[in-house]
>>> print(open('structure_26.cif').read())   # mmCIF, C-alpha atoms
data_input
loop_
_atom_site.group_PDB
_atom_site.id
_atom_site.type_symbol
_atom_site.label_atom_id
_atom_site.label_comp_id
_atom_site.auth_asym_id
_atom_site.auth_seq_id
_atom_site.Cartn_x
_atom_site.Cartn_y
_atom_site.Cartn_z
ATOM 1 C CA MET A 1077 -9.542 30.159 -12.583
ATOM 2 C CA ALA A 1078 -9.750 26.394 -12.797
ATOM 3 C CA GLY A 1079 -9.526 24.221 -9.693
ATOM 4 C CA PRO A 1080 -6.761 21.722 -9.057
ATOM 5 C CA ARG A 1081 -6.605 18.755 -11.375
ATOM 6 C CA MET A 1082 -7.222 15.387 -9.821
ATOM 7 C CA LEU A 1083 -4.863 12.561 -10.646
ATOM 8 C CA ALA A 1084 -6.743 9.528 -11.859
ATOM 9 C CA VAL A 1085 -4.924 6.282 -11.231
ATOM 10 C CA LYS A 1086 -6.664 2.940 -11.519
ATOM 11 C CA ILE A 1087 -5.485 0.805 -8.622
ATOM 12 C CA ARG A 1088 -5.587 -2.892 -9.414
ATOM 13 C CA ARG A 1089 -4.192 -4.415 -6.209
ATOM 14 C CA VAL A 1090 -2.971 -3.000 -2.895
ATOM 15 C CA PHE A 1091 -0.131 -4.497 -0.862
ATOM 16 C CA LEU A 1092 0.845 -3.547 2.678
ATOM 17 C CA ALA A 1093 4.548 -4.224 3.220
ATOM 18 C CA GLN A 1094 5.113 -6.051 6.481
ATOM 19 C CA HIS A 1095 8.870 -5.639 6.659
ATOM 20 C CA ARG A 1096 10.917 -2.607 7.617
ATOM 21 C CA VAL A 1097 11.954 -0.381 4.743
ATOM 22 C CA ASP A 1098 14.558 2.352 4.990
ATOM 23 C CA PHE A 1099 12.626 5.555 4.307
ATOM 24 C CA ARG A 1100 15.804 7.250 3.082
ATOM 25 C CA LYS A 1101 15.402 5.188 -0.076
ATOM 26 C CA GLY A 1102 14.244 7.176 -3.006
ATOM 27 C CA LEU A 1103 11.668 6.308 -5.600
ATOM 28 C CA ASP A 1104 13.898 3.699 -7.235
ATOM 29 C CA GLY A 1105 14.598 1.984 -3.903
ATOM 30 C CA LEU A 1106 10.888 1.727 -3.091
ATOM 31 C CA LEU A 1107 10.237 0.457 -6.619
ATOM 32 C CA ALA A 1108 12.830 -2.284 -6.048
ATOM 33 C CA GLU A 1109 11.122 -3.207 -2.750
ATOM 34 C CA SER A 1110 7.803 -3.388 -4.614
ATOM 35 C CA TYR A 1111 9.256 -5.799 -7.148
ATOM 36 C CA ARG A 1112 10.623 -7.939 -4.284
ATOM 37 C CA LEU A 1113 7.027 -8.281 -3.048
ATOM 38 C CA GLY A 1114 5.812 -9.384 -6.480
ATOM 39 C CA ALA A 1115 4.012 -6.104 -7.197
ATOM 40 C CA ASP A 1116 4.346 -3.988 -10.320
ATOM 41 C CA PRO A 1117 3.352 -0.351 -9.746
ATOM 42 C CA TYR A 1118 3.442 0.363 -13.488
ATOM 43 C CA THR A 1119 0.441 -1.947 -13.966
ATOM 44 C CA GLY A 1120 -1.672 -0.394 -11.207
ATOM 45 C CA ASP A 1121 -0.386 -2.148 -8.100
ATOM 46 C CA CYS A 1122 -0.145 0.081 -5.029
ATOM 47 C CA VAL A 1123 2.407 -0.767 -2.351
ATOM 48 C CA VAL A 1124 2.154 0.865 1.082
ATOM 49 C CA PHE A 1125 5.191 1.084 3.348
ATOM 50 C CA VAL A 1126 4.918 2.002 7.049
ATOM 51 C CA LYS A 1127 7.805 3.760 8.783
ATOM 52 C CA LYS A 1128 9.453 1.967 11.711
ATOM 53 C CA ASP A 1129 8.083 4.433 14.302
ATOM 54 C CA GLN A 1130 4.647 4.323 12.599
ATOM 55 C CA THR A 1131 4.416 8.087 12.146
ATOM 56 C CA GLN A 1132 4.552 8.014 8.357
ATOM 57 C CA LEU A 1133 3.546 5.908 5.405
ATOM 58 C CA ARG A 1134 4.473 5.953 1.752
ATOM 59 C CA ALA A 1135 2.356 4.568 -1.048
ATOM 60 C CA LEU A 1136 3.879 3.836 -4.438
ATOM 61 C CA THR A 1137 1.662 3.362 -7.475
ATOM 62 C CA GLY A 1138 1.763 4.277 -11.119
ATOM 63 C CA ASP A 1139 0.463 3.922 -14.624
ATOM 64 C CA SER A 1140 1.962 3.427 -18.072
ATOM 65 C CA ILE A 1141 3.395 6.969 -18.010
ATOM 66 C CA GLY A 1142 5.133 7.063 -14.646
ATOM 67 C CA LEU A 1143 5.037 6.599 -10.900
ATOM 68 C CA TYR A 1144 3.330 8.400 -8.025
ATOM 69 C CA LEU A 1145 4.743 8.500 -4.522
ATOM 70 C CA VAL A 1146 2.263 9.554 -1.857
ATOM 71 C CA ILE A 1147 3.742 10.452 1.521
ATOM 72 C CA ARG A 1148 1.495 10.818 4.544
ATOM 73 C CA ARG A 1149 2.951 12.053 7.843
ATOM 74 C CA PHE A 1150 0.775 11.905 10.942
ATOM 75 C CA GLU A 1151 1.444 15.047 12.941
ATOM 76 C CA GLY A 1152 -0.710 14.220 15.961
ATOM 77 C CA GLY A 1153 1.016 10.980 16.821
ATOM 78 C CA ARG A 1154 1.331 7.501 15.488
ATOM 79 C CA LEU A 1155 -0.549 5.593 12.892
ATOM 80 C CA ARG A 1156 -3.004 3.153 14.442
ATOM 81 C CA VAL A 1157 -1.858 0.100 12.485
ATOM 82 C CA LEU A 1158 -0.064 -1.644 15.357
ATOM 83 C CA GLN A 1159 1.984 -3.505 12.804
ATOM 84 C CA THR A 1160 4.641 -5.955 13.844
ATOM 85 C CA PHE A 1161 7.435 -6.031 11.336
ATOM 86 C CA VAL A 1162 8.917 -9.243 9.971
ATOM 87 C CA GLU A 1163 12.496 -9.838 8.855
ATOM 88 C CA ARG A 1164 11.929 -11.126 5.326
ATOM 89 C CA PRO A 1165 10.337 -8.951 2.623
ATOM 90 C CA THR A 1166 6.669 -9.833 2.906
ATOM 91 C CA GLY A 1167 3.469 -8.107 1.962
ATOM 92 C CA THR A 1168 -0.193 -8.756 2.522
ATOM 93 C CA ALA A 1169 -3.001 -7.842 0.155
ATOM 94 C CA ILE A 1170 -5.495 -5.295 1.466
ATOM 95 C CA SER A 1171 -8.596 -3.797 -0.140
ATOM 96 C CA THR A 1172 -8.936 -0.235 -1.395
ATOM 97 C CA GLY A 1173 -11.336 0.378 1.502
ATOM 98 C CA GLU A 1174 -8.652 -0.688 3.961
ATOM 99 C CA LEU A 1175 -6.221 1.593 2.118
ATOM 100 C CA SER A 1176 -8.616 4.509 2.661
ATOM 101 C CA LEU A 1177 -8.794 3.733 6.377
ATOM 102 C CA LEU A 1178 -5.018 3.481 6.532
ATOM 103 C CA LEU A 1179 -4.580 6.871 4.841
ATOM 104 C CA GLU A 1180 -6.978 8.359 7.399
ATOM 105 C CA GLY A 1181 -4.865 6.946 10.217
ATOM 106 C CA ALA A 1182 -7.604 4.576 11.383
ATOM 107 C CA GLN A 1183 -7.003 1.105 12.728
ATOM 108 C CA PHE A 1184 -8.436 -1.797 10.785
ATOM 109 C CA THR A 1185 -8.428 -5.509 11.365
ATOM 110 C CA VAL A 1186 -10.066 -7.952 9.019
ATOM 111 C CA HIS A 1187 -10.728 -11.318 10.586
ATOM 112 C CA LYS A 1188 -12.621 -12.866 7.690
ATOM 113 C CA ARG A 1189 -13.450 -11.465 4.266
ATOM 114 C CA ALA A 1190 -16.672 -12.148 2.397
ATOM 115 C CA ARG A 1191 -16.337 -14.321 -0.691
ATOM 116 C CA SER A 1192 -16.723 -12.693 -4.068
ATOM 117 C CA TRP A 1193 -20.148 -13.141 -5.619
ATOM 118 C CA ARG A 1194 -18.711 -13.191 -9.127
ATOM 119 C CA GLN A 1195 -17.743 -16.507 -10.616
ATOM 120 C CA THR A 1196 -14.411 -16.836 -12.306
ATOM 121 C CA ALA A 1197 -14.165 -17.864 -15.929
ATOM 122 C CA GLN A 1198 -13.001 -21.296 -14.757
ATOM 123 C CA GLY A 1199 -16.105 -21.765 -12.600
ATOM 124 C CA ILE A 1200 -18.572 -21.147 -15.449
ATOM 125 C CA SER A 1201 -19.537 -24.259 -17.389
#
>>> encode(input="structure_26.cif", output="structure tokens")
Amino acid sequence: MAGPRMLAVKIRRVFLAQHRVDFRKGLDGLLAESYRLGADPYTGDCVVFVKKDQTQLRALTGDSIGLYLVIRRFEGGRLRVLQTFVERPTGTAISTGELSLLLEGAQFTVHKRARSWRQTAQGIS
């Protein structure tokens, strides 16, 4: 008997929504919220929404075939994000490493990121 198949999704960018989102919204509602943030889950963007009471998060991502909605509920208590919600739809970019910590329920705070060692095409002469 074969083991479970792993879903392979290439995540291009990760956004953490900083505004409150009604978790009664379905897939289409979360997709609309993603577009309001300037993200496009069909191209590999992943948008993470945190529930108001910080006991659940939902991550929306996708590929050219369809969308994935990952729901993570923290049974033992709250998520350790300590996020303050803003009124306007706003999102902040986080790394895939920070996404992993978030899915584990760990607290993360990045004060300063290291600069990329790769030069952009514009910087090469």
>>> residues_around(input="structure_26.cif", residues="Val1090 in chain A", least_positions_apart="6", cutoff="12 Å", atoms="only C-alpha atoms", output="MDAnalysis selection string")
chainID A and resid 1110 1113:1117 1119:1125 1135:1138 1167:1176 1178
>>> atom_distance(input="structure_26.cif", atom1="CA of Arg1096 in chain A", atom2="CA of Gln1130 in chain A")
10.6 Å
>>> atom_distance(input="structure_26.cif", atom1="CA of Ser1140 in chain A", atom2="CA of Tyr1118 in chain A")
5.7 Å
>>> closest_residue(input="structure_26.cif", among="A:Arg1148, A:Ala1108, A:Val1162, A:Leu1177", to="Ala1093 in chain A", atoms="only C-alpha atoms")
A:Val1162
>>> atom_distance(input="structure_26.cif", atom1="CA of Thr1166 in chain A", atom2="CA of Lys1101 in chain A")
17.6 Å
>>> resolve_selection(input="structure_26.cif", expression="the PyMOL selection byres ((chain A and resi 1153) around 12)", output="JSON, numbers by chain")
{"A": [1129, 1130, 1131, 1132, 1149, 1150, 1151, 1152, 1154, 1155, 1156, 1181]}
>>> residues_near_point(input="structure_26.cif", point="(5.5, 7.2, -11.5)", cutoff="6 Å", atoms="all atoms listed in the file", output="PyMOL selection string")
chain A and resi 1138+1142-1144
>>> write_last_selection(input="structure_26.cif", atoms="C-alpha atoms", output="JSON list (two decimals), in the frame of the given file")
[["chain", "number", "residue", "atom", "x", "y", "z"],
["A", 1138, "GLY", "CA", 1.76, 4.28, -11.12],
["A", 1142, "GLY", "CA", 5.13, 7.06, -14.65],
["A", 1143, "LEU", "CA", 5.04, 6.60, -10.90],
["A", 1144, "TYR", "CA", 3.33, 8.40, -8.02]]
>>> residues_around(input="structure_26.cif", residues="Val1097 in chain A", least_positions_apart="5", cutoff="9 Å", atoms="all atoms listed in the file", output="PyMOL selection string")
chain A and resi 1106+1109+1125-1128+1165
>>> closest_residue(input="structure_26.cif", among="A:Leu1107, A:Val1146, A:Ile1087, A:Leu1179", to="Arg1134 in chain A", atoms="only C-alpha atoms")
A:Val1146
>>> decode(input="structure_26.cif", residues="range 1098-1109 of chain A", atoms="C-alpha atoms", output="CSV table (one decimal), in the first residue's frame")
chain,number,residue,atom,x,y,z
A,1098,ASP,CA,-14.4,37.1,9.0
A,1099,PHE,CA,-13.5,33.4,9.2
A,1100,ARG,CA,-17.1,32.5,8.1
A,1101,LYS,CA,-16.0,33.6,4.6
A,1102,GLY,CA,-15.4,30.7,2.3
A,1103,LEU,CA,-12.7,30.1,-0.2
A,1104,ASP,CA,-13.9,32.8,-2.5
A,1105,GLY,CA,-14.1,35.4,0.3
A,1106,LEU,CA,-10.5,34.7,1.4
A,1107,LEU,CA,-9.4,34.9,-2.3
A,1108,ALA,CA,-11.0,38.3,-2.5
A,1109,GLU,CA,-9.2,39.4,0.6
